[in-house]
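Listing of final.tsv, TSV, C-alpha atoms
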chain	number	residue	atom	x	y	z
P	5	MET	CA	10.70	-48.13	4.34
P	6	LYS	CA	10.79	-48.94	8.07
P	7	ASN	CA	12.42	-46.14	10.01
P	8	ILE	CA	14.61	-46.63	13.06
P	9	VAL	CA	15.16	-43.70	15.41
P	10	ILE	CA	18.03	-44.01	17.88
P	11	LEU	CA	18.30	-42.10	21.17
P	12	ILE	CA	21.71	-41.44	22.74
P	13	SER	CA	23.15	-39.40	25.60
P	14	GLY	CA	26.88	-39.90	25.17
P	15	SER	CA	29.52	-41.57	23.01
P	16	GLY	CA	26.99	-43.47	20.92
P	17	THR	CA	29.10	-46.58	20.39
P	18	ASN	CA	26.03	-48.83	20.24
P	19	MET	CA	24.38	-46.37	17.83
P	20	ALA	CA	27.52	-46.47	15.67
P	21	ALA	CA	27.50	-50.28	15.72
P	22	ILE	CA	23.86	-50.27	14.58
P	23	VAL	CA	24.52	-47.74	11.80
P	24	GLN	CA	27.57	-49.69	10.60
P	25	ALA	CA	25.62	-52.97	10.63
P	26	ALA	CA	22.82	-51.32	8.65
P	27	GLU	CA	25.36	-50.18	6.05
P	28	GLN	CA	27.34	-53.43	5.89
P	29	ARG	CA	24.27	-55.67	5.78
P	30	GLN	CA	22.46	-53.32	3.38
P	31	TRP	CA	19.34	-53.09	5.51
P	32	SER	CA	17.88	-50.41	3.28
P	33	ASP	CA	18.05	-52.48	0.08
P	34	LYS	CA	17.55	-55.95	1.55
P	35	LEU	CA	15.14	-55.29	4.41
P	36	GLY	CA	13.56	-51.92	3.68
P	37	VAL	CA	14.97	-50.62	6.99
P	38	ARG	CA	16.97	-47.45	7.61
P	39	VAL	CA	18.28	-45.38	10.49
P	40	ALA	CA	16.18	-42.27	9.94
P	41	ALA	CA	17.46	-40.09	12.80
P	42	VAL	CA	19.55	-39.89	15.95
P	43	LEU	CA	18.23	-37.83	18.86
P	44	SER	CA	19.97	-36.79	22.04
P	45	ASN	CA	19.13	-35.03	25.27
P	46	ARG	CA	22.68	-33.65	25.46
P	47	GLY	CA	24.35	-31.25	23.07
P	48	ASP	CA	27.77	-32.60	24.00
P	49	ALA	CA	26.90	-36.20	23.10
P	50	GLU	CA	29.88	-37.39	21.06
P	51	GLY	CA	27.73	-39.76	19.02
P	52	LEU	CA	25.96	-36.85	17.32
P	53	GLU	CA	29.09	-36.11	15.29
P	54	PHE	CA	29.26	-39.72	14.07
P	55	ALA	CA	25.63	-39.56	12.92
P	56	LYS	CA	26.15	-36.20	11.18
P	57	ASN	CA	29.20	-37.56	9.37
P	58	ARG	CA	27.07	-40.45	8.10
P	59	GLY	CA	24.41	-38.06	6.78
P	60	ILE	CA	21.85	-39.09	9.39
P	61	PRO	CA	19.60	-36.29	10.65
P	62	VAL	CA	20.31	-35.39	14.28
P	63	VAL	CA	17.94	-33.68	16.68
P	64	LEU	CA	18.79	-32.22	20.05
P	65	VAL	CA	16.11	-32.00	22.75
P	66	GLU	CA	17.94	-30.93	25.91
P	67	HIS	CA	16.18	-32.21	29.01
P	68	LYS	CA	17.48	-29.30	31.10
P	69	SER	CA	15.31	-26.94	29.03
P	70	PHE	CA	12.12	-28.44	30.45
P	71	ALA	CA	10.47	-27.97	33.83
P	72	SER	CA	9.45	-31.62	34.16
P	73	ARG	CA	10.24	-35.07	32.87
P	74	GLU	CA	6.78	-35.24	31.33
P	75	ALA	CA	7.28	-31.96	29.41
P	76	PHE	CA	10.64	-33.19	28.12
P	77	ASP	CA	9.18	-36.56	27.11
P	78	LEU	CA	6.34	-34.88	25.23
P	79	ALA	CA	8.74	-32.65	23.29
P	80	LEU	CA	10.98	-35.64	22.58
P	81	GLN	CA	8.00	-37.70	21.47
P	82	ASP	CA	6.90	-34.96	19.05
P	83	GLU	CA	10.38	-34.87	17.48
P	84	ILE	CA	10.55	-38.65	17.19
P	85	ASP	CA	7.07	-38.88	15.65
P	86	ARG	CA	8.20	-36.67	12.75
P	87	PHE	CA	10.29	-39.63	11.56
P	88	GLU	CA	7.41	-42.16	11.83
P	89	PRO	CA	9.54	-44.85	13.47
P	90	ALA	CA	8.80	-48.53	13.18
P	91	LEU	CA	11.32	-48.91	16.01
P	92	LEU	CA	12.73	-46.59	18.66
P	93	VAL	CA	16.12	-47.72	19.96
P	94	LEU	CA	17.64	-46.59	23.25
P	95	ALA	CA	21.42	-46.75	22.86
P	96	GLY	CA	22.94	-45.30	25.98
P	97	PHE	CA	20.05	-42.88	26.48
P	98	MET	CA	20.43	-41.99	30.13
P	99	ARG	CA	16.95	-40.76	30.97
P	100	ILE	CA	14.11	-42.62	32.65
P	101	LEU	CA	11.11	-42.25	30.37
P	102	SER	CA	7.62	-41.49	31.61
P	103	PRO	CA	4.88	-44.14	31.42
P	104	ALA	CA	3.01	-42.03	28.85
P	105	PHE	CA	6.07	-41.93	26.58
P	106	VAL	CA	6.61	-45.68	26.92
P	107	GLN	CA	2.95	-46.34	26.17
P	108	HIS	CA	3.05	-44.10	23.08
P	109	PHE	CA	5.79	-46.32	21.61
P	110	HIS	CA	4.33	-49.57	22.98
P	111	LYS	CA	6.03	-52.61	21.39
P	112	ARG	CA	8.22	-50.30	19.28
P	113	LEU	CA	10.72	-49.28	21.99
P	114	ILE	CA	13.79	-51.35	22.84
P	115	ASN	CA	16.82	-50.95	25.07
P	116	ILE	CA	20.10	-52.69	25.75
P	117	HIS	CA	21.18	-53.20	29.33
P	118	PRO	CA	24.68	-54.30	30.45
P	119	SER	CA	23.63	-57.31	32.51
P	120	LEU	CA	21.83	-60.59	32.10
P	121	LEU	CA	18.40	-59.35	33.09
P	122	PRO	CA	16.55	-59.83	35.33
P	123	ALA	CA	19.81	-59.71	37.31
P	124	PHE	CA	21.27	-56.29	38.12
P	125	ALA	CA	18.71	-53.87	36.74
P	126	GLY	CA	19.71	-50.24	37.12
P	127	LEU	CA	23.24	-48.87	37.49
P	128	ASN	CA	26.67	-50.23	38.51
P	129	THR	CA	25.88	-53.60	36.96
P	130	HIS	CA	29.46	-54.77	36.46
P	131	GLN	CA	30.66	-54.06	39.98
P	132	ARG	CA	27.53	-55.63	41.41
P	133	ALA	CA	28.13	-58.81	39.35
P	134	ILE	CA	31.74	-58.99	40.58
P	135	ASP	CA	30.71	-58.33	44.19
P	136	MET	CA	28.14	-61.14	44.05
P	137	GLY	CA	30.73	-63.59	42.74
P	138	CYS	CA	28.97	-64.15	39.41
P	139	LYS	CA	30.74	-66.45	36.97
P	140	PHE	CA	28.97	-64.84	34.02
P	141	ALA	CA	27.73	-61.38	33.09
P	142	GLY	CA	26.48	-60.04	29.78
P	143	ALA	CA	24.02	-57.85	27.97
P	144	THR	CA	20.28	-57.97	27.36
P	145	VAL	CA	18.15	-56.42	24.62
P	146	HIS	CA	14.59	-56.00	25.84
P	147	LEU	CA	11.32	-54.30	25.08
P	148	VAL	CA	10.88	-51.23	27.24
P	149	THR	CA	8.03	-51.11	29.72
P	150	SER	CA	7.27	-48.56	32.40
P	151	GLU	CA	9.19	-50.73	34.91
P	152	LEU	CA	12.92	-49.97	34.62
P	153	ASP	CA	14.91	-52.75	32.91
P	154	HIS	CA	12.11	-55.32	33.20
P	155	GLY	CA	10.56	-55.63	29.73
P	156	PRO	CA	10.35	-58.87	27.75
P	157	ILE	CA	13.80	-60.14	26.76
P	158	LEU	CA	14.57	-60.21	23.03
P	159	ALA	CA	18.22	-61.35	23.07
P	160	GLN	CA	21.15	-61.87	25.43
P	161	ALA	CA	24.91	-62.29	25.16
P	162	VAL	CA	26.95	-63.98	27.88
P	163	VAL	CA	30.44	-62.90	28.95
P	164	PRO	CA	32.55	-64.75	31.54
P	165	VAL	CA	33.59	-62.89	34.66
P	166	LEU	CA	37.33	-63.47	34.96
P	167	PRO	CA	39.14	-63.76	38.32
P	168	MET	CA	41.10	-60.52	37.83
P	169	ASP	CA	38.18	-58.51	36.40
P	170	THR	CA	37.50	-54.97	37.47
P	171	ALA	CA	34.23	-53.23	36.73
P	172	GLN	CA	35.98	-51.45	33.85
P	173	SER	CA	37.52	-54.55	32.26
P	174	LEU	CA	34.22	-56.41	32.49
P	175	ALA	CA	32.36	-53.40	31.08
P	176	GLU	CA	34.69	-53.31	28.07
P	177	ARG	CA	34.12	-56.99	27.27
P	178	VAL	CA	30.37	-56.66	27.72
P	179	LEU	CA	30.28	-53.57	25.48
P	180	SER	CA	32.09	-55.44	22.69
P	181	GLN	CA	29.29	-58.03	22.82
P	182	GLU	CA	26.63	-55.31	22.90
P	183	HIS	CA	27.98	-54.01	19.58
P	184	LEU	CA	27.31	-57.42	18.02
P	185	LEU	CA	24.09	-58.26	19.86
P	186	TYR	CA	22.12	-55.04	19.37
P	187	PRO	CA	22.20	-54.92	15.55
P	188	GLN	CA	21.33	-58.63	15.39
P	189	ALA	CA	18.38	-58.16	17.75
P	190	ILE	CA	17.12	-55.14	15.77
P	191	GLU	CA	17.36	-57.01	12.49
P	192	LYS	CA	15.48	-59.98	13.92
P	193	PHE	CA	12.84	-57.73	15.52
P	194	LEU	CA	12.12	-55.89	12.26
P	195	THR	CA	12.02	-58.98	10.08
P	196	ALA	CA	9.96	-61.22	12.37
Encoding of this model in structure tokens:
Amino acid sequence: MKNIVILISGSGTNMAAIVQAAEQRQWSDKLGVRVAAVLSNRGDAEGLEFAKNRGIPVVLVEHKSFASREAFDLALQDEIDRFEPALLVLAGFMRILSPAFVQHFHKRLINIHPSLLPAFAGLNTHQRAIDMGCKFAGATVHLVTSELDHGPILAQAVVPVLPMDTAQSLAERVLSQEHLLYPQAIEKFLTA
């Protein structure tokens, strides 16, 4: 069985989309793939309740309990390693990971970013796309490297930027595409 471990910091809507896709598409039976655990750096992450209700083990490693990013990453890495992941999925995990952590999960660590990378790495992607007059925005699934939002691209979804768009309305449309794109990219990654 190939284990997926998902990291979240908040609502966990992408995590939920992945879990639901795994159930609906019967990843466990058909692909030998399962979501083995959901980890968070925040005890108030709403997505933890969804995972618990689905019977998925949840682990909390609060970053504020550690003196440094490296100490947090090491503790997080130890918890993740207990589940022997074939793939580590960042799904709204709002922490920059240390190079040592990224190297430990080399070629097994993916992220989704709400822009068409390499455009608009970092934060405020939707407003930046609107401000630049972009006709299209979207989402990108990519391998994580030590350079923020610059790993090899695995999949992208394109969303038009509409004349009356606000950052929020664009974000909502992009997120709906993320929920479709991320499970597809994970399935393709693990069956390639």
Shell of 12 Å around P:Arg73, all atoms listed in the file, local chain residues under 4 positions omitted, as a list in words: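 My list of contacting residues is Asn45, Glu66, His67, Lys68, Ser69, Asp77, Leu78, Ala79, Leu80, Gln81, Arg99, Ile100, Leu101, Ser102, Pro103, Ala104 and Phe105 of chain P.
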Expected answer as a list in words: all residues with atoms within 7 Å of (20.6, -45.0, 20.9), all atoms listed in the file: Ile10, Leu11, Ile12, Gly16, Asn18, Met19, Val93, Leu94, Ala95, Gly96 and Phe97 of chain P
For P:Pro167, list every protein, DNA or RNA residue within 12 Å, evaluated using all atoms listed in the file, and leave out those in the same chain fewer than 4 positions away; present the list as a PyMOL selection string. chain P and resi 134-135+137-140+171+173-174
Answer as a PyMOL selection string, residues within 10 Å of (24.1, -55.9, 13.5) using all atoms listed in the file: chain P and resi 18+21-29+31+182-192
The selected residues should be written to file as a short mmCIF file (atom, residue, chain, number, x, y, z; two decimals), in the coordinates of the input (atoms: C-alpha atoms).
data_model
loop_
_atom_site.label_atom_id
_atom_site.label_comp_id
_atom_site.auth_asym_id
_atom_site.auth_seq_id
_atom_site.Cartn_x
_atom_site.Cartn_y
_atom_site.Cartn_z
CA ASN P 18 26.03 -48.83 20.24
CA ALA P 21 27.50 -50.28 15.72
CA ILE P 22 23.86 -50.27 14.58
CA VAL P 23 24.52 -47.74 11.80
CA GLN P 24 27.57 -49.69 10.60
CA ALA P 25 25.62 -52.97 10.63
CA ALA P 26 22.82 -51.32 8.65
CA GLU P 27 25.36 -50.18 6.05
CA GLN P 28 27.34 -53.43 5.89
CA ARG P 29 24.27 -55.67 5.78
CA TRP P 31 19.34 -53.09 5.51
CA GLU P 182 26.63 -55.31 22.90
CA HIS P 183 27.98 -54.01 19.58
CA LEU P 184 27.31 -57.42 18.02
CA LEU P 185 24.09 -58.26 19.86
CA TYR P 186 22.12 -55.04 19.37
CA PRO P 187 22.20 -54.92 15.55
CA GLN P 188 21.33 -58.63 15.39
CA ALA P 189 18.38 -58.16 17.75
CA ILE P 190 17.12 -55.14 15.77
CA GLU P 191 17.36 -57.01 12.49
CA LYS P 192 15.48 -59.98 13.92
#
Can you tell me how far atom CA of P:Ala20 sits from atom CA of P:His108, in Å to one decimal?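 Computing the Euclidean distance for atom CA of P:Ala20 and atom CA of P:His108 yields 25.7 Å.
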Counting only C-alpha atoms, what is within 8 Å of stretch 118-131 of chain P, bar same-chain residues fewer than 3 positions away, as a PyMOL selection string? chain P and resi 134-135+141-144+152-154+157+160-162+170-172+174-175+178-179+182
Create the file for the chosen residues now, containing C-alpha atoms and written as an mmCIF file, keeping the file's coordinate frame.
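As a result, out.cif now contains:
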data_model
loop_
_atom_site.group_PDB
_atom_site.id
_atom_site.type_symbol
_atom_site.label_atom_id
_atom_site.label_comp_id
_atom_site.auth_asym_id
_atom_site.auth_seq_id
_atom_site.Cartn_x
_atom_site.Cartn_y
_atom_site.Cartn_z
ATOM 1 C CA ILE P 134 31.740 -58.990 40.580
ATOM 2 C CA ASP P 135 30.710 -58.330 44.190
ATOM 3 C CA ALA P 141 27.730 -61.380 33.090
ATOM 4 C CA GLY P 142 26.480 -60.040 29.780
ATOM 5 C CA ALA P 143 24.020 -57.850 27.970
ATOM 6 C CA THR P 144 20.280 -57.970 27.360
ATOM 7 C CA LEU P 152 12.920 -49.970 34.620
ATOM 8 C CA ASP P 153 14.910 -52.750 32.910
ATOM 9 C CA HIS P 154 12.110 -55.320 33.200
ATOM 10 C CA ILE P 157 13.800 -60.140 26.760
ATOM 11 C CA GLN P 160 21.150 -61.870 25.430
ATOM 12 C CA ALA P 161 24.910 -62.290 25.160
ATOM 13 C CA VAL P 162 26.950 -63.980 27.880
ATOM 14 C CA THR P 170 37.500 -54.970 37.470
ATOM 15 C CA ALA P 171 34.230 -53.230 36.730
ATOM 16 C CA GLN P 172 35.980 -51.450 33.850
ATOM 17 C CA LEU P 174 34.220 -56.410 32.490
ATOM 18 C CA ALA P 175 32.360 -53.400 31.080
ATOM 19 C CA VAL P 178 30.370 -56.660 27.720
ATOM 20 C CA LEU P 179 30.280 -53.570 25.480
ATOM 21 C CA GLU P 182 26.630 -55.310 22.900
#
What is the distance, in Å and to one decimal place, between atom CA of P:Arg86 and atom CA of P:Ala71?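 We find that atom CA of P:Arg86 and atom CA of P:Ala71 lie 22.9 Å from each other.
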Expressed in Å, the length from atom CA of P:Leu194 to atom CA of P:Ala90 is 8.1 Å
Residue with smallest distance to P:Thr149 - pool P:Leu64, P:Val106, P:Ile116, P:Val165, counting all atoms listed in the file: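 Checking each candidate against P:Thr149, we get P:Val106 as the closest.
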Select, from P:Val62, P:Ala133, P:Val145, P:Val37, the residue with the minimum atom-to-atom distance to P:Asp169, counting only C-alpha atoms. P:Ala133
Selected residue of minimal separation from P:Arg38 among P:Gly59, P:Gly14, P:Ile8, P:Phe54, counting only C-alpha atoms: P:Ile8
Counting only C-alpha atoms, which of P:Ser180, P:Asn7, P:Thr195, P:Gln30 gets nearest to P:Phe87?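 Of P:Ser180, P:Asn7, P:Thr195, P:Gln30, the one nearest P:Phe87 is P:Asn7, counting only C-alpha atoms.
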Could you pull the residues within 10 Å of P:Phe193, counting only C-alpha atoms, minus those fewer than 6 positions along the same chain, as a list in words?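 Answer for this query is Leu91, Arg112, Ile114, Leu158, Ala159 and Pro187 of chain P.
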Repaired coordinates for stretch 20-31 of chain P (all heavy atoms) as an mmCIF file, in the coordinates of the input:
data_model
loop_
_atom_site.group_PDB
_atom_site.id
_atom_site.type_symbol
_atom_site.label_atom_id
_atom_site.label_comp_id
_atom_site.auth_asym_id
_atom_site.auth_seq_id
_atom_site.Cartn_x
_atom_site.Cartn_y
_atom_site.Cartn_z
ATOM 1 N N ALA P 20 26.575 -46.312 16.778
ATOM 2 C CA ALA P 20 27.520 -46.470 15.670
ATOM 3 C C ALA P 20 27.542 -47.911 15.175
ATOM 4 O O ALA P 20 27.572 -48.163 13.969
ATOM 5 C CB ALA P 20 28.908 -46.015 16.102
ATOM 6 N N ALA P 21 27.510 -48.869 16.103
ATOM 7 C CA ALA P 21 27.500 -50.280 15.720
ATOM 8 C C ALA P 21 26.243 -50.615 14.914
ATOM 9 O O ALA P 21 26.300 -51.369 13.930
ATOM 10 C CB ALA P 21 27.594 -51.169 16.950
ATOM 11 N N ILE P 22 25.114 -50.038 15.302
ATOM 12 C CA ILE P 22 23.860 -50.270 14.580
ATOM 13 C C ILE P 22 23.936 -49.660 13.185
ATOM 14 O O ILE P 22 23.570 -50.288 12.185
ATOM 15 C CB ILE P 22 22.670 -49.695 15.370
ATOM 16 C CG1 ILE P 22 22.484 -50.486 16.667
ATOM 17 C CG2 ILE P 22 21.391 -49.696 14.527
ATOM 18 C CD1 ILE P 22 21.616 -49.785 17.708
ATOM 19 N N VAL P 23 24.405 -48.423 13.090
ATOM 20 C CA VAL P 23 24.520 -47.740 11.800
ATOM 21 C C VAL P 23 25.472 -48.515 10.873
ATOM 22 O O VAL P 23 25.166 -48.731 9.688
ATOM 23 C CB VAL P 23 24.989 -46.281 11.982
ATOM 24 C CG1 VAL P 23 25.391 -45.648 10.655
ATOM 25 C CG2 VAL P 23 23.907 -45.462 12.676
ATOM 26 N N GLN P 24 26.602 -48.947 11.416
ATOM 27 C CA GLN P 24 27.570 -49.690 10.600
ATOM 28 C C GLN P 24 26.991 -51.026 10.145
ATOM 29 O O GLN P 24 27.186 -51.440 8.998
ATOM 30 C CB GLN P 24 28.870 -49.879 11.374
ATOM 31 C CG GLN P 24 29.620 -48.571 11.539
ATOM 32 C CD GLN P 24 30.747 -48.639 12.558
ATOM 33 O OE1 GLN P 24 30.743 -49.482 13.457
ATOM 34 N NE2 GLN P 24 31.698 -47.742 12.437
ATOM 35 N N ALA P 25 26.261 -51.708 11.015
ATOM 36 C CA ALA P 25 25.620 -52.970 10.630
ATOM 37 C C ALA P 25 24.584 -52.724 9.540
ATOM 38 O O ALA P 25 24.496 -53.499 8.577
ATOM 39 C CB ALA P 25 24.968 -53.633 11.839
ATOM 40 N N ALA P 26 23.828 -51.651 9.663
ATOM 41 C CA ALA P 26 22.820 -51.320 8.650
ATOM 42 C C ALA P 26 23.478 -51.084 7.291
ATOM 43 O O ALA P 26 22.954 -51.518 6.252
ATOM 44 C CB ALA P 26 22.024 -50.089 9.076
ATOM 45 N N GLU P 27 24.627 -50.426 7.302
ATOM 46 C CA GLU P 27 25.360 -50.180 6.050
ATOM 47 C C GLU P 27 25.950 -51.476 5.499
ATOM 48 O O GLU P 27 25.753 -51.811 4.328
ATOM 49 C CB GLU P 27 26.479 -49.166 6.285
ATOM 50 C CG GLU P 27 25.986 -47.780 6.612
ATOM 51 C CD GLU P 27 27.088 -46.847 7.093
ATOM 52 O OE1 GLU P 27 28.248 -47.290 7.305
ATOM 53 O OE2 GLU P 27 26.778 -45.665 7.275
ATOM 54 N N GLN P 28 26.651 -52.217 6.341
ATOM 55 C CA GLN P 28 27.340 -53.430 5.890
ATOM 56 C C GLN P 28 26.367 -54.508 5.422
ATOM 57 O O GLN P 28 26.631 -55.219 4.455
ATOM 58 C CB GLN P 28 28.226 -53.978 7.010
ATOM 59 C CG GLN P 28 29.405 -53.083 7.321
ATOM 60 C CD GLN P 28 30.077 -53.440 8.639
ATOM 61 O OE1 GLN P 28 29.636 -54.312 9.383
ATOM 62 N NE2 GLN P 28 31.154 -52.733 8.953
ATOM 63 N N ARG P 29 25.243 -54.626 6.117
ATOM 64 C CA ARG P 29 24.270 -55.670 5.780
ATOM 65 C C ARG P 29 23.203 -55.174 4.803
ATOM 66 O O ARG P 29 22.258 -55.900 4.508
ATOM 67 C CB ARG P 29 23.616 -56.209 7.050
ATOM 68 C CG ARG P 29 24.611 -56.850 7.997
ATOM 69 C CD ARG P 29 23.934 -57.339 9.248
ATOM 70 N NE ARG P 29 24.916 -57.602 10.298
ATOM 71 C CZ ARG P 29 24.639 -57.702 11.571
ATOM 72 N NH1 ARG P 29 23.388 -57.567 12.005
ATOM 73 N NH2 ARG P 29 25.580 -57.928 12.445
ATOM 74 N N GLN P 30 23.357 -53.927 4.376
ATOM 75 C CA GLN P 30 22.460 -53.320 3.380
ATOM 76 C C GLN P 30 20.985 -53.428 3.784
ATOM 77 O O GLN P 30 20.142 -53.870 3.012
ATOM 78 C CB GLN P 30 22.696 -53.945 2.003
ATOM 79 C CG GLN P 30 24.126 -53.782 1.526
ATOM 80 C CD GLN P 30 24.410 -54.505 0.236
ATOM 81 O OE1 GLN P 30 23.675 -55.418 -0.168
ATOM 82 N NE2 GLN P 30 25.475 -54.124 -0.425
ATOM 83 N N TRP P 31 20.709 -53.011 5.019
ATOM 84 C CA TRP P 31 19.340 -53.090 5.510
ATOM 85 C C TRP P 31 18.363 -52.342 4.614
ATOM 86 O O TRP P 31 17.243 -52.784 4.414
ATOM 87 C CB TRP P 31 19.256 -52.516 6.928
ATOM 88 C CG TRP P 31 19.816 -53.385 8.003
ATOM 89 C CD1 TRP P 31 20.392 -54.624 7.865
ATOM 90 C CD2 TRP P 31 19.848 -53.089 9.393
ATOM 91 N NE1 TRP P 31 20.779 -55.100 9.089
ATOM 92 C CE2 TRP P 31 20.466 -54.187 10.040
ATOM 93 C CE3 TRP P 31 19.433 -52.014 10.145
ATOM 94 C CZ2 TRP P 31 20.654 -54.222 11.420
ATOM 95 C CZ3 TRP P 31 19.619 -52.039 11.519
ATOM 96 C CH2 TRP P 31 20.224 -53.137 12.146
#
